[in-house]
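The structure appears below as structure tokens.
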Amino acid sequence: MPANLFGICFGLAGLAQMWTTVHDLGETASWPGVALWLVTAAIWLGTVLAYVKRLAVRYAWRAELAHPVQGPFVSLAAIVAMLLGVAVADYERPLGEGVFVAGLILTVGFGSWITAQWIINDMRLAQWHPGYTLPTVTGGLLAAASSARLGHRTLAYVMFGYGVLCWVLLGSILLLRLATQPALPAVLLPTLAIEVAPPVVAGNAWLTLNGGTIDALAAGLAGHAGFMVLVQFALIPLYRRAPFGPGYWAFAFSYTTAVTLGIRWLIVEHVSGRHALTWLLVAPVTAAMALLGAHTVVALKNGTFLPQVPDIRSAGDGADLKQG
């Protein structure tokens, strides 16, 4: 049970956020978003319980969390909790705020701890992959957007700065790794989709912070987001080499969040035909998510979805990296 299995509930959270945004903009009823949040919560809870049970049986908490390949994905458990807290707060404010705060504390705490492990341990540049941005960059920027949505503006600015600074630092390291080191193993190729997440999450966070105004920073973030989306098209030949498994859910959150940002721009800029364009964006990404979910169910039924993961206590010799 690899930690990137949390990518499923993370991707569903992105889809739920997209539909919630469509509702907030007056384009549809609230029930699709609510239903998706309920599905996300159920899968998140089941995954957390199963993962914690496995760790308790193996007595290898520290080694598992610091695993050079799977470790960063553990942060998604706390990040999804933050997002669920915001969704719950729309209906039950105290409960939602409590869940959000707990998720925020775990996100920042785990991000700080795993960053320290990268400093302490003998890490090689070739071990890095785009998932390394999840604990601090994606987590921090989503915390900023969530804080702003809940009305905590000062906290939102603090977390925005936290996420952006981590993005500058880690993004430089990852670009150097991807440009100068051997190609990622096939099972990790889908993590390249995570490169889309920082600019689109930052863009959504800033629009929430500044009241939906297209200023210089919003435009700059949108430019970078558009660039990273175009890069994704060039990476399609690489993606075709990746075997189907939990890693494919790396596409889900990045792409649904990119669509969410695009929809918000259409509405804010009062683009002609924006209502039709909104559905031209929402429909295909929703269909793709449905296809991904169906393929996942079939693969689980056939026993081909979960890979054989090497013992995390022997991590770090490079062989485990190649196996994912």
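So you can find residues: chains in the structure tokens are A, B, ... in the order shown, residues in each start at 1, and ligands are numbered from 1 in order.
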- Task: Select from segment 24-76 of chain A everything DSSP, run on the backbone, classes as helix (DSSP H, G or I), then give the selection as a PyMOL selection string.
- Result: chain A and resi 24+31-58+61-65+71-76
With the cut-off set at 12 Å and counting only C-alpha atoms, tabulate each residue of segment 92-157 of chain A with an atom at most that distance from an atom of segment 244-256 of chain A, showing the nearest atom pair and its distance in Å to one decimal, ordered by chain and increasing number, as CSV.
```
residue,atom,partner,partner_atom,distance
A:Pro130,CA,A:Ala250,CA,10.0
A:Gly131,CA,A:Ala250,CA,8.8
A:Leu134,CA,A:Ala250,CA,10.8
A:Thr138,CA,A:Ser254,CA,10.2
A:Leu142,CA,A:Phe253,CA,11.8
```
Residue contacts of Phe6 of chain A (8 Å, only C-alpha atoms) excluding same-chain residues fewer than 5 positions away, as a compact mmCIF listing (two decimals) with C-alpha atoms, in the first residue's frame:
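That gives us part25.txt:
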```txt
# COMPACT_ATOMS: atom_id res chain seq x y z
CA TRP A 44 -9.81 9.66 2.59
CA THR A 47 -7.18 5.20 3.12
CA PHE A 73 2.98 11.67 -0.56
CA VAL A 74 2.08 11.05 3.09
CA LEU A 76 -1.61 14.43 1.22
CA ALA A 77 -3.46 12.86 4.16
```
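Between atom CA of Val137 of chain A and atom CA of Val268 of chain A lies a distance of 25.7 Å.
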- A:Val99, A:Val187, A:Leu207, A:Ala78: which is nearest Arg149 of chain A, counting only C-alpha atoms?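 Between A:Val99, A:Val187, A:Leu207, A:Ala78, the residue approaching Arg149 of chain A most closely is A:Leu207.
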At a cut-off of 9 Å, using only C-alpha atoms, what residues contact Arg241 of chain A? Leave out same-chain residues fewer than 2 positions from it and give the result as a PDB file with N, CA and C atoms, in the first residue's frame.
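Done, and the output landed in result31.pdb:
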```
ATOM      1  N   ALA A 186       9.790   4.753 -14.890  1.00  0.00           N
ATOM      2  CA  ALA A 186       8.488   4.784 -15.570  1.00  0.00           C
ATOM      3  C   ALA A 186       7.326   4.979 -14.605  1.00  0.00           C
ATOM      4  N   VAL A 187       7.390   4.331 -13.424  1.00  0.00           N
ATOM      5  CA  VAL A 187       6.272   4.434 -12.495  1.00  0.00           C
ATOM      6  C   VAL A 187       6.142   5.824 -11.887  1.00  0.00           C
ATOM      7  N   LEU A 189       6.821   8.677 -13.732  1.00  0.00           N
ATOM      8  CA  LEU A 189       6.608   9.670 -14.785  1.00  0.00           C
ATOM      9  C   LEU A 189       5.338  10.500 -14.577  1.00  0.00           C
ATOM     10  N   PRO A 237       4.236  11.811 -24.748  1.00  0.00           N
ATOM     11  CA  PRO A 237       4.960  10.579 -25.096  1.00  0.00           C
ATOM     12  C   PRO A 237       5.582   9.889 -23.881  1.00  0.00           C
ATOM     13  N   LEU A 238       6.064  10.676 -22.903  1.00  0.00           N
ATOM     14  CA  LEU A 238       6.604  10.078 -21.682  1.00  0.00           C
ATOM     15  C   LEU A 238       5.508   9.409 -20.867  1.00  0.00           C
ATOM     16  N   TYR A 239       4.365  10.066 -20.749  1.00  0.00           N
ATOM     17  CA  TYR A 239       3.275   9.514 -19.951  1.00  0.00           C
ATOM     18  C   TYR A 239       2.795   8.166 -20.491  1.00  0.00           C
ATOM     19  N   PRO A 243       3.309   2.675 -16.456  1.00  0.00           N
ATOM     20  CA  PRO A 243       2.310   1.635 -16.177  1.00  0.00           C
ATOM     21  C   PRO A 243       1.197   2.207 -15.320  1.00  0.00           C
TER      22      PRO A 243
END
```
Item to complete: Please identify all polymer residues within 12 Å of Cys166 of chain A, counting only C-alpha atoms, omitting same-chain residues fewer than 5 positions from it, and present them as a ChimeraX atom specification.
Response: /A:108,111-112,115,132-141,159-161,171-174,198
Item to check | Atomic distance atom CA of Ile114 of chain A - atom CA of His129 of chain A, expressed in Å with one decimal | outcome: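 For atom CA of Ile114 of chain A relative to atom CA of His129 of chain A, the distance reads 14.4 Å.
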Report task. Do a neighbour search on Gly26 of chain A at 12 Å with only C-alpha atoms, toss out local chain neighbours closer than 2 positions, and write the hits as a VMD selection string. Result -> chain A and resid 19 to 24 28 to 30 263 to 264 267 275 278
Write out the residues from the selection above, keeping all heavy atoms, as a compact mmCIF listing (two decimals), in the first residue's frame.
```txt
# COMPACT_ATOMS: atom_id res chain seq x y z
N TRP A 19 -16.15 21.62 -8.98
CA TRP A 19 -17.60 21.70 -9.06
C TRP A 19 -18.16 22.70 -8.05
O TRP A 19 -19.17 23.35 -8.30
CB TRP A 19 -18.21 20.32 -8.86
CG TRP A 19 -18.24 19.53 -10.14
CD1 TRP A 19 -17.31 18.62 -10.57
CD2 TRP A 19 -19.22 19.61 -11.17
NE1 TRP A 19 -17.67 18.13 -11.81
CE2 TRP A 19 -18.84 18.72 -12.19
CE3 TRP A 19 -20.39 20.34 -11.33
CZ2 TRP A 19 -19.59 18.54 -13.35
CZ3 TRP A 19 -21.15 20.17 -12.48
CH2 TRP A 19 -20.74 19.28 -13.48
N THR A 20 -17.51 22.83 -6.89
CA THR A 20 -17.94 23.83 -5.92
C THR A 20 -17.75 25.23 -6.48
O THR A 20 -18.60 26.11 -6.29
CB THR A 20 -17.15 23.67 -4.61
OG1 THR A 20 -17.40 22.37 -4.06
CG2 THR A 20 -17.57 24.72 -3.59
N THR A 21 -16.63 25.45 -7.17
CA THR A 21 -16.38 26.75 -7.79
C THR A 21 -17.42 27.05 -8.86
O THR A 21 -17.92 28.18 -8.96
CB THR A 21 -14.97 26.78 -8.42
OG1 THR A 21 -14.00 26.54 -7.40
CG2 THR A 21 -14.69 28.11 -9.08
N VAL A 22 -17.76 26.05 -9.67
CA VAL A 22 -18.78 26.23 -10.70
C VAL A 22 -20.11 26.63 -10.05
O VAL A 22 -20.83 27.50 -10.55
CB VAL A 22 -18.94 24.95 -11.53
CG1 VAL A 22 -20.12 25.07 -12.49
CG2 VAL A 22 -17.66 24.66 -12.32
N HIS A 23 -20.41 26.00 -8.91
CA HIS A 23 -21.64 26.38 -8.19
C HIS A 23 -21.55 27.79 -7.64
O HIS A 23 -22.50 28.58 -7.76
CB HIS A 23 -21.88 25.39 -7.04
CG HIS A 23 -22.89 25.88 -6.03
ND1 HIS A 23 -24.23 26.03 -6.33
CD2 HIS A 23 -22.73 26.28 -4.74
CE1 HIS A 23 -24.87 26.49 -5.27
NE2 HIS A 23 -23.99 26.66 -4.29
N ASP A 24 -20.41 28.13 -7.02
CA ASP A 24 -20.24 29.47 -6.45
C ASP A 24 -20.37 30.56 -7.50
O ASP A 24 -20.80 31.69 -7.19
CB ASP A 24 -18.87 29.59 -5.76
CG ASP A 24 -18.77 28.74 -4.51
OD1 ASP A 24 -19.83 28.32 -3.98
OD2 ASP A 24 -17.63 28.48 -4.06
N THR A 28 -24.23 26.10 -11.71
CA THR A 28 -24.89 24.82 -11.48
C THR A 28 -25.39 24.74 -10.04
O THR A 28 -25.10 25.63 -9.22
CB THR A 28 -23.92 23.65 -11.75
OG1 THR A 28 -24.62 22.42 -11.69
CG2 THR A 28 -22.79 23.63 -10.73
N ALA A 29 -26.13 23.67 -9.74
CA ALA A 29 -26.61 23.45 -8.37
C ALA A 29 -25.44 23.01 -7.48
O ALA A 29 -24.35 22.71 -7.96
CB ALA A 29 -27.71 22.39 -8.37
N SER A 30 -25.69 22.94 -6.19
CA SER A 30 -24.63 22.60 -5.24
C SER A 30 -24.41 21.11 -5.08
O SER A 30 -23.34 20.68 -4.63
CB SER A 30 -24.95 23.20 -3.87
OG SER A 30 -26.16 22.62 -3.34
N ILE A 263 -11.63 28.70 -15.19
CA ILE A 263 -13.03 29.11 -15.06
C ILE A 263 -13.13 30.44 -14.32
O ILE A 263 -13.89 31.34 -14.71
CB ILE A 263 -13.83 28.02 -14.31
CG1 ILE A 263 -13.94 26.75 -15.18
CG2 ILE A 263 -15.21 28.53 -13.94
CD1 ILE A 263 -14.50 25.57 -14.44
N ARG A 264 -12.34 30.59 -13.27
CA ARG A 264 -12.39 31.84 -12.51
C ARG A 264 -11.94 33.02 -13.36
O ARG A 264 -12.50 34.12 -13.27
CB ARG A 264 -11.53 31.71 -11.26
CG ARG A 264 -12.04 30.68 -10.27
CD ARG A 264 -11.22 30.62 -9.01
NE ARG A 264 -11.42 31.81 -8.18
CZ ARG A 264 -10.84 31.99 -7.00
NH1 ARG A 264 -10.01 31.05 -6.51
NH2 ARG A 264 -11.06 33.08 -6.29
N ILE A 267 -14.78 34.10 -15.76
CA ILE A 267 -15.84 34.85 -15.11
C ILE A 267 -15.37 36.25 -14.72
O ILE A 267 -16.06 37.26 -14.96
CB ILE A 267 -16.34 34.10 -13.86
CG1 ILE A 267 -16.86 32.70 -14.26
CG2 ILE A 267 -17.43 34.88 -13.16
CD1 ILE A 267 -17.98 32.71 -15.28
N HIS A 275 -19.95 31.25 -20.30
CA HIS A 275 -20.76 30.17 -19.74
C HIS A 275 -20.57 28.87 -20.55
O HIS A 275 -20.37 27.80 -19.98
CB HIS A 275 -22.22 30.58 -19.71
CG HIS A 275 -22.48 31.82 -18.90
ND1 HIS A 275 -22.31 31.85 -17.54
CD2 HIS A 275 -22.86 33.07 -19.29
CE1 HIS A 275 -22.59 33.08 -17.10
NE2 HIS A 275 -22.92 33.83 -18.14
N THR A 278 -17.08 27.58 -19.94
CA THR A 278 -16.95 26.92 -18.65
C THR A 278 -17.30 25.44 -18.75
O THR A 278 -16.57 24.57 -18.26
CB THR A 278 -17.88 27.60 -17.61
OG1 THR A 278 -17.41 28.92 -17.37
CG2 THR A 278 -17.90 26.83 -16.30
```
Point to revise | 8 Å contact set for segment 209-212 of chain A, only C-alpha atoms, chain neighbours under 6 positions out, as a PyMOL selection string | key: chain A and resi 145+148+153+156-157+268
Suppose we keep all heavy atoms; can you now write the selection as an mmCIF file, in the first residue's frame?
```cif
data_model
loop_
_atom_site.group_PDB
_atom_site.id
_atom_site.type_symbol
_atom_site.label_atom_id
_atom_site.label_comp_id
_atom_site.auth_asym_id
_atom_site.auth_seq_id
_atom_site.Cartn_x
_atom_site.Cartn_y
_atom_site.Cartn_z
ATOM 1 N N ALA A 145 -5.096 29.456 0.411
ATOM 2 C CA ALA A 145 -6.418 29.572 -0.211
ATOM 3 C C ALA A 145 -7.521 29.204 0.769
ATOM 4 O O ALA A 145 -8.565 29.871 0.834
ATOM 5 C CB ALA A 145 -6.489 28.678 -1.442
ATOM 6 N N ALA A 148 -7.977 31.963 3.381
ATOM 7 C CA ALA A 148 -8.670 33.113 2.806
ATOM 8 C C ALA A 148 -10.160 32.827 2.666
ATOM 9 O O ALA A 148 -10.997 33.702 2.937
ATOM 10 C CB ALA A 148 -8.066 33.459 1.448
ATOM 11 N N ARG A 153 -7.437 36.289 6.864
ATOM 12 C CA ARG A 153 -6.598 36.904 5.851
ATOM 13 C C ARG A 153 -5.126 36.935 6.250
ATOM 14 O O ARG A 153 -4.245 36.679 5.437
ATOM 15 C CB ARG A 153 -7.088 38.322 5.536
ATOM 16 C CG ARG A 153 -8.431 38.345 4.818
ATOM 17 C CD ARG A 153 -8.796 39.753 4.380
ATOM 18 N NE ARG A 153 -7.823 40.324 3.472
ATOM 19 C CZ ARG A 153 -7.776 40.078 2.165
ATOM 20 N NH1 ARG A 153 -8.646 39.230 1.618
ATOM 21 N NH2 ARG A 153 -6.865 40.653 1.399
ATOM 22 N N ALA A 156 -3.721 33.653 5.868
ATOM 23 C CA ALA A 156 -3.634 33.348 4.440
ATOM 24 C C ALA A 156 -2.370 33.952 3.831
ATOM 25 O O ALA A 156 -1.671 33.300 3.039
ATOM 26 C CB ALA A 156 -4.872 33.866 3.717
ATOM 27 N N TYR A 157 -2.063 35.194 4.182
ATOM 28 C CA TYR A 157 -0.849 35.827 3.665
ATOM 29 C C TYR A 157 0.406 35.114 4.175
ATOM 30 O O TYR A 157 1.391 34.945 3.443
ATOM 31 C CB TYR A 157 -0.802 37.298 4.060
ATOM 32 C CG TYR A 157 -1.664 38.191 3.211
ATOM 33 C CD1 TYR A 157 -2.742 38.889 3.759
ATOM 34 C CD2 TYR A 157 -1.393 38.349 1.851
ATOM 35 C CE1 TYR A 157 -3.540 39.711 2.962
ATOM 36 C CE2 TYR A 157 -2.184 39.171 1.059
ATOM 37 C CZ TYR A 157 -3.255 39.851 1.622
ATOM 38 O OH TYR A 157 -4.033 40.665 0.833
ATOM 39 N N VAL A 268 -14.168 36.338 -14.120
ATOM 40 C CA VAL A 268 -13.661 37.630 -13.661
ATOM 41 C C VAL A 268 -13.448 38.592 -14.828
ATOM 42 O O VAL A 268 -13.736 39.792 -14.737
ATOM 43 C CB VAL A 268 -12.340 37.440 -12.877
ATOM 44 C CG1 VAL A 268 -11.666 38.784 -12.616
ATOM 45 C CG2 VAL A 268 -12.602 36.728 -11.559
#
```
